[in-house]
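Next up, upload.pdb (PDB, C-alpha atoms):
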```pdb
MODEL        1
ATOM      1  CA  MET A 142      47.346  17.711 -41.791
ATOM      2  CA  THR A 143      45.503  16.462 -38.753
ATOM      3  CA  VAL A 144      42.257  17.942 -37.560
ATOM      4  CA  PRO A 145      40.809  16.927 -34.192
ATOM      5  CA  PHE A 146      37.165  16.023 -34.536
ATOM      6  CA  PHE A 147      36.324  17.046 -30.977
ATOM      7  CA  SER A 148      38.324  18.796 -28.308
ATOM      8  CA  GLY A 149      38.588  17.218 -24.841
ATOM      9  CA  LYS A 150      35.984  19.598 -23.411
ATOM     10  CA  SER A 151      33.494  18.939 -26.211
ATOM     11  CA  ARG A 152      33.957  15.210 -25.827
ATOM     12  CA  ARG A 153      33.208  15.408 -22.070
ATOM     13  CA  ILE A 154      30.118  17.516 -22.702
ATOM     14  CA  GLY A 155      28.922  15.048 -25.325
ATOM     15  CA  VAL A 156      29.432  12.106 -22.980
ATOM     16  CA  ALA A 157      27.607  13.936 -20.159
ATOM     17  CA  LEU A 158      24.654  14.774 -22.416
ATOM     18  CA  GLY A 159      24.520  11.165 -23.614
ATOM     19  CA  ALA A 160      24.499   9.885 -20.026
ATOM     20  CA  VAL A 161      21.712  12.280 -19.033
ATOM     21  CA  SER A 162      19.658  11.281 -22.078
ATOM     22  CA  ALA A 163      20.123   7.579 -21.331
ATOM     23  CA  GLY A 164      19.173   8.147 -17.679
ATOM     24  CA  LEU A 165      15.972   9.950 -18.668
ATOM     25  CA  LEU A 166      15.096   7.178 -21.086
ATOM     26  CA  VAL A 167      15.541   4.559 -18.369
ATOM     27  CA  LEU A 168      13.462   6.561 -15.883
ATOM     28  CA  SER A 169      10.633   7.076 -18.362
ATOM     29  CA  ALA A 170      10.318   3.304 -18.721
ATOM     30  CA  CYS A 171       9.791   2.848 -14.954
ATOM     31  CA  ASP A 172       6.333   2.641 -13.441
ATOM     32  CA  LYS A 173       5.513   5.127 -10.734
ATOM     33  CA  PRO A 174       5.401   3.242  -7.421
ATOM     34  CA  THR A 175       2.061   3.077  -5.663
ATOM     35  CA  PRO A 176       1.605   4.643  -2.239
ATOM     36  CA  LEU A 177       2.612   2.423   0.676
ATOM     37  CA  ALA A 178       0.528   1.062   3.515
ATOM     38  CA  THR A 179       2.164  -0.205   6.703
ATOM     39  CA  VAL A 180       1.100  -2.450   9.577
ATOM     40  CA  THR A 181       3.105  -2.363  12.801
ATOM     41  CA  VAL A 182       2.755  -4.687  15.782
ATOM     42  CA  GLY A 183       5.225  -4.056  18.588
ATOM     43  CA  ASP A 184       8.586  -3.630  16.873
ATOM     44  CA  ASN A 185       7.575  -5.651  13.776
ATOM     45  CA  SER A 186       6.574  -3.543  10.811
ATOM     46  CA  VAL A 187       5.627  -4.572   7.275
ATOM     47  CA  SER A 188       4.905  -2.298   4.321
ATOM     48  CA  THR A 189       3.517  -3.064   0.915
ATOM     49  CA  GLU A 190       2.534  -1.372  -2.298
ATOM     50  CA  ALA A 191      -1.055  -1.640  -3.468
ATOM     51  CA  ALA A 192      -2.384  -4.932  -4.798
ATOM     52  CA  CYS A 193      -4.660  -2.850  -7.035
ATOM     53  CA  TYR A 194      -4.138   0.808  -7.851
ATOM     54  CA  ASN A 195      -4.981   3.030 -10.813
ATOM     55  CA  ASP A 196      -2.895   6.184 -10.146
ATOM     56  CA  GLY A 197      -5.529   7.503  -7.745
ATOM     57  CA  ASN A 198      -8.428   7.004 -10.166
ATOM     58  CA  ALA A 199     -11.395   4.740  -9.471
ATOM     59  CA  LEU A 200     -10.850   1.028  -9.987
ATOM     60  CA  LYS A 201     -13.100  -0.618 -12.570
ATOM     61  CA  GLU A 202     -16.223  -2.162 -11.031
ATOM     62  CA  SER A 203     -15.395  -5.483 -12.694
ATOM     63  CA  ALA A 204     -11.962  -5.579 -11.010
ATOM     64  CA  ILE A 205     -12.956  -4.636  -7.451
ATOM     65  CA  GLN A 206     -14.034  -8.070  -6.193
ATOM     66  CA  GLY A 207     -10.927  -9.676  -7.677
ATOM     67  CA  CYS A 208      -8.781  -7.054  -5.943
ATOM     68  CA  LEU A 209     -10.468  -7.664  -2.591
ATOM     69  CA  ASN A 210     -10.014 -11.440  -2.967
ATOM     70  CA  LYS A 211      -6.264 -11.336  -3.695
ATOM     71  CA  LYS A 212      -4.161 -13.030  -1.040
ATOM     72  CA  ALA A 213      -1.892 -10.947   1.148
ATOM     73  CA  GLU A 214       1.824 -11.228   0.458
ATOM     74  CA  LYS A 215       2.871  -9.630   3.750
ATOM     75  CA  SER A 216       2.161 -11.111   7.161
ATOM     76  CA  VAL A 217       2.632 -10.004  10.748
ATOM     77  CA  LYS A 218       2.119 -11.910  14.007
ATOM     78  CA  VAL A 219      -0.408 -10.498  16.474
ATOM     79  CA  ALA A 220      -1.241 -11.474  20.048
ATOM     80  CA  MET A 221      -4.748 -10.799  21.327
ATOM     81  CA  ASP A 222      -3.463  -8.039  23.648
ATOM     82  CA  ASP A 223      -1.237  -6.335  20.999
ATOM     83  CA  LYS A 224      -2.066  -3.026  19.401
ATOM     84  CA  VAL A 225      -2.133  -3.177  15.609
ATOM     85  CA  ARG A 226      -1.058   0.106  14.048
ATOM     86  CA  PHE A 227      -2.021   0.990  10.485
ATOM     87  CA  GLY A 228      -0.349   3.724   8.480
ATOM     88  CA  VAL A 229      -0.955   5.077   4.988
ATOM     89  CA  ASP A 230       0.648   7.714   2.791
ATOM     90  CA  PRO A 231      -0.795  11.234   3.184
ATOM     91  CA  GLU A 232      -2.374  11.153  -0.289
ATOM     92  CA  VAL A 233      -4.359   8.044   0.724
ATOM     93  CA  ALA A 234      -5.447   9.709   3.979
ATOM     94  CA  ASP A 235      -6.579  12.814   2.095
ATOM     95  CA  ASN A 236      -9.035  10.691   0.090
ATOM     96  CA  GLY A 237     -10.038   8.466   3.016
ATOM     97  CA  TRP A 238      -9.532   4.769   3.764
ATOM     98  CA  THR A 239     -11.385   1.936   5.439
ATOM     99  CA  LEU A 240     -10.521  -1.531   6.679
ATOM    100  CA  PHE A 241     -11.922  -4.708   5.211
ATOM    101  CA  ILE A 242     -11.639  -7.937   7.219
ATOM    102  CA  ASN A 243     -11.530 -11.113   5.115
ATOM    103  CA  GLY A 244     -13.013  -9.199   2.165
ATOM    104  CA  GLN A 245     -15.896  -7.656   4.130
ATOM    105  CA  GLN A 246     -16.135  -3.944   4.849
ATOM    106  CA  ALA A 247     -15.605  -3.404   8.579
ATOM    107  CA  GLU A 248     -16.336   0.328   8.733
ATOM    108  CA  GLN A 249     -18.920   2.609   7.195
ATOM    109  CA  GLU A 250     -17.062   5.921   7.224
ATOM    110  CA  PRO A 251     -13.635   6.465   5.681
ATOM    111  CA  TYR A 252     -10.816   7.406   8.023
ATOM    112  CA  LYS A 253      -8.943  10.601   7.017
ATOM    113  CA  LYS A 254      -5.741  10.419   9.079
ATOM    114  CA  THR A 255      -2.459   8.726   8.191
ATOM    115  CA  TYR A 256      -2.282   6.552  11.307
ATOM    116  CA  ARG A 257      -4.552   4.586  13.601
ATOM    117  CA  SER A 258      -4.281   1.878  16.249
ATOM    118  CA  ILE A 259      -6.724  -0.996  16.911
ATOM    119  CA  PRO A 260      -6.502  -3.793  19.534
ATOM    120  CA  GLY A 261      -5.407  -7.146  18.086
ATOM    121  CA  SER A 262      -8.377  -8.890  19.703
ATOM    122  CA  ALA A 263     -10.705  -7.021  17.305
ATOM    123  CA  PHE A 264      -9.376  -9.086  14.401
ATOM    124  CA  PHE A 265      -9.732 -12.518  15.987
ATOM    125  CA  ALA A 266     -13.041 -12.347  17.876
ATOM    126  CA  SER A 267     -16.524 -12.982  16.507
ATOM    127  CA  GLN A 268     -19.460 -10.734  17.289
ATOM    128  CA  THR A 269     -20.346 -13.002  20.209
ATOM    129  CA  GLY A 270     -16.851 -12.546  21.652
ATOM    130  CA  GLU A 271     -15.566 -16.028  20.804
ATOM    131  CA  THR A 272     -12.137 -16.279  19.234
ATOM    132  CA  THR A 273     -12.154 -17.232  15.569
ATOM    133  CA  ALA A 274      -9.548 -18.381  13.058
ATOM    134  CA  ASP A 275      -5.812 -18.063  13.607
ATOM    135  CA  LYS A 276      -5.336 -15.956  10.443
ATOM    136  CA  THR A 277      -7.192 -12.891   9.250
ATOM    137  CA  GLN A 278      -6.700 -10.950   6.047
ATOM    138  CA  ILE A 279      -6.904  -7.202   6.497
ATOM    139  CA  SER A 280      -7.317  -4.954   3.493
ATOM    140  CA  ILE A 281      -6.787  -1.230   3.555
ATOM    141  CA  VAL A 282      -9.086   0.253   0.932
ATOM    142  CA  GLU A 283      -8.651   3.811  -0.325
ATOM    143  CA  THR A 284     -11.869   5.560  -1.308
ATOM    144  CA  LYS A 285     -12.790   8.700  -3.223
ATOM    145  CA  GLY A 286     -16.429   9.325  -2.452
ATOM    146  CA  GLN A 287     -18.182   6.065  -3.311
ATOM    147  CA  LYS A 288     -15.364   4.836  -5.580
ATOM    148  CA  LEU A 289     -12.559   2.474  -4.553
ATOM    149  CA  THR A 290      -9.163   3.679  -5.737
ATOM    150  CA  GLY A 291      -6.639   1.354  -4.066
ATOM    151  CA  VAL A 292      -6.365  -1.905  -2.112
ATOM    152  CA  TRP A 293      -3.509  -3.079   0.146
ATOM    153  CA  HIS A 294      -3.496  -6.513   1.820
ATOM    154  CA  PHE A 295      -1.928  -7.846   5.015
ATOM    155  CA  GLN A 296      -2.345 -11.122   6.842
ATOM    156  CA  LEU A 297      -2.534 -11.057  10.616
ATOM    157  CA  THR A 298      -1.507 -14.345  12.245
ATOM    158  CA  LYS A 299      -2.622 -14.927  15.818
ATOM    159  CA  THR A 300       0.017 -15.906  18.355
ATOM    160  CA  SER A 301      -0.570 -17.095  21.884
TER
ENDMDL
END
```

Structure translated into structure tokens:
Amino acid sequence: MTVPFFSGKSRRIGVALGAVSAGLLVLSACDKPTPLATVTVGDNSVSTEAACYNDGNALKESAIQGCLNKKAEKSVKVAMDDKVRFGVDPEVADNGWTLFINGQQAEQEPYKKTYRSIPGSAFFASQTGETTADKTQISIVETKGQKLTGVWHFQLTKTS
């Protein structure tokens, strides 16, 4: 007497349920990616995830300076007469974002749109109009009121 343990259909259903369960287990182990920030100069575009991000919640006060001092991993070349275009995810724009240049806040009011364009010369000229260093670190900083919630870094390298 032979008794099949599972019919062909039951076996397929069992395998499908096992695959779905394994897939969900793998996905639950993944971290949610942070929102992206992008810098575009001409036809060169670089995007990066946040150097510091806490799922949209305020960063700890003790971590903020360390976040602002991290070195940029992404770089883009900029001529003085280029336009530098910055873009952020809509959720970052909803909260507001500002630019920091070499770790110093460059703007007082947060910007609330997903895209903006600034002349390249603004990043390589001193307040007296003289050109400065050949490299500048730009940080996009997401804010929620007075709290910092995310930091993205880019390095702009001056070309002739």

From A:Lys276, A:Lys288, A:Lys173, A:Arg257, residue lying nearest A:Val225 [all atoms listed in the file]: A:Arg257

Nearby residues (all atoms listed in the file) at most 7 Å from A:Ala191, same-chain spacing under 6 positions excluded, as a list in words: Thr175, Pro176, Leu177, Gly291, Val292 and Trp293 of chain A

Picked residues, the PyMOL selection byres ((chain A and resi 252-256) around 6), as a PyMOL selection string: chain A and resi 227-229+231+234-235+237-238+251+257

Between atom CA of A:Lys224 and atom CA of A:Cys208 - distance in Å to one decimal: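 About the pair atom CA of A:Cys208 and atom CA of A:Lys224: they are 26.5 Å apart.
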
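Across the structure, atom CA of A:Ser262 and atom CA of A:Val182 are spaced 12.5 Å apart.
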
Local residues around (-3.2, -15.9, 17.5), at most 7 Å away, using all atoms listed in the file, as a list in words: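 Neighbouring residues, ordered by chain and number, come to Val219, Ala220, Met221, Asp275, Thr298, Lys299, Thr300 and Ser301 of chain A.
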
Nearest residue to A:Leu209 from the set A:Pro174, A:Gly286, A:Gly244, A:Gly261 (distances using only C-alpha atoms):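 Smallest distance to A:Leu209 is found for A:Gly244.
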
Minimum-distance residue to A:Ala266, chosen among A:Leu289, A:Ile242, A:Ala204, A:Val217 (using all atoms listed in the file):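 Once distances to A:Ala266 are computed over all atoms listed in the file, the minimum belongs to A:Ile242.
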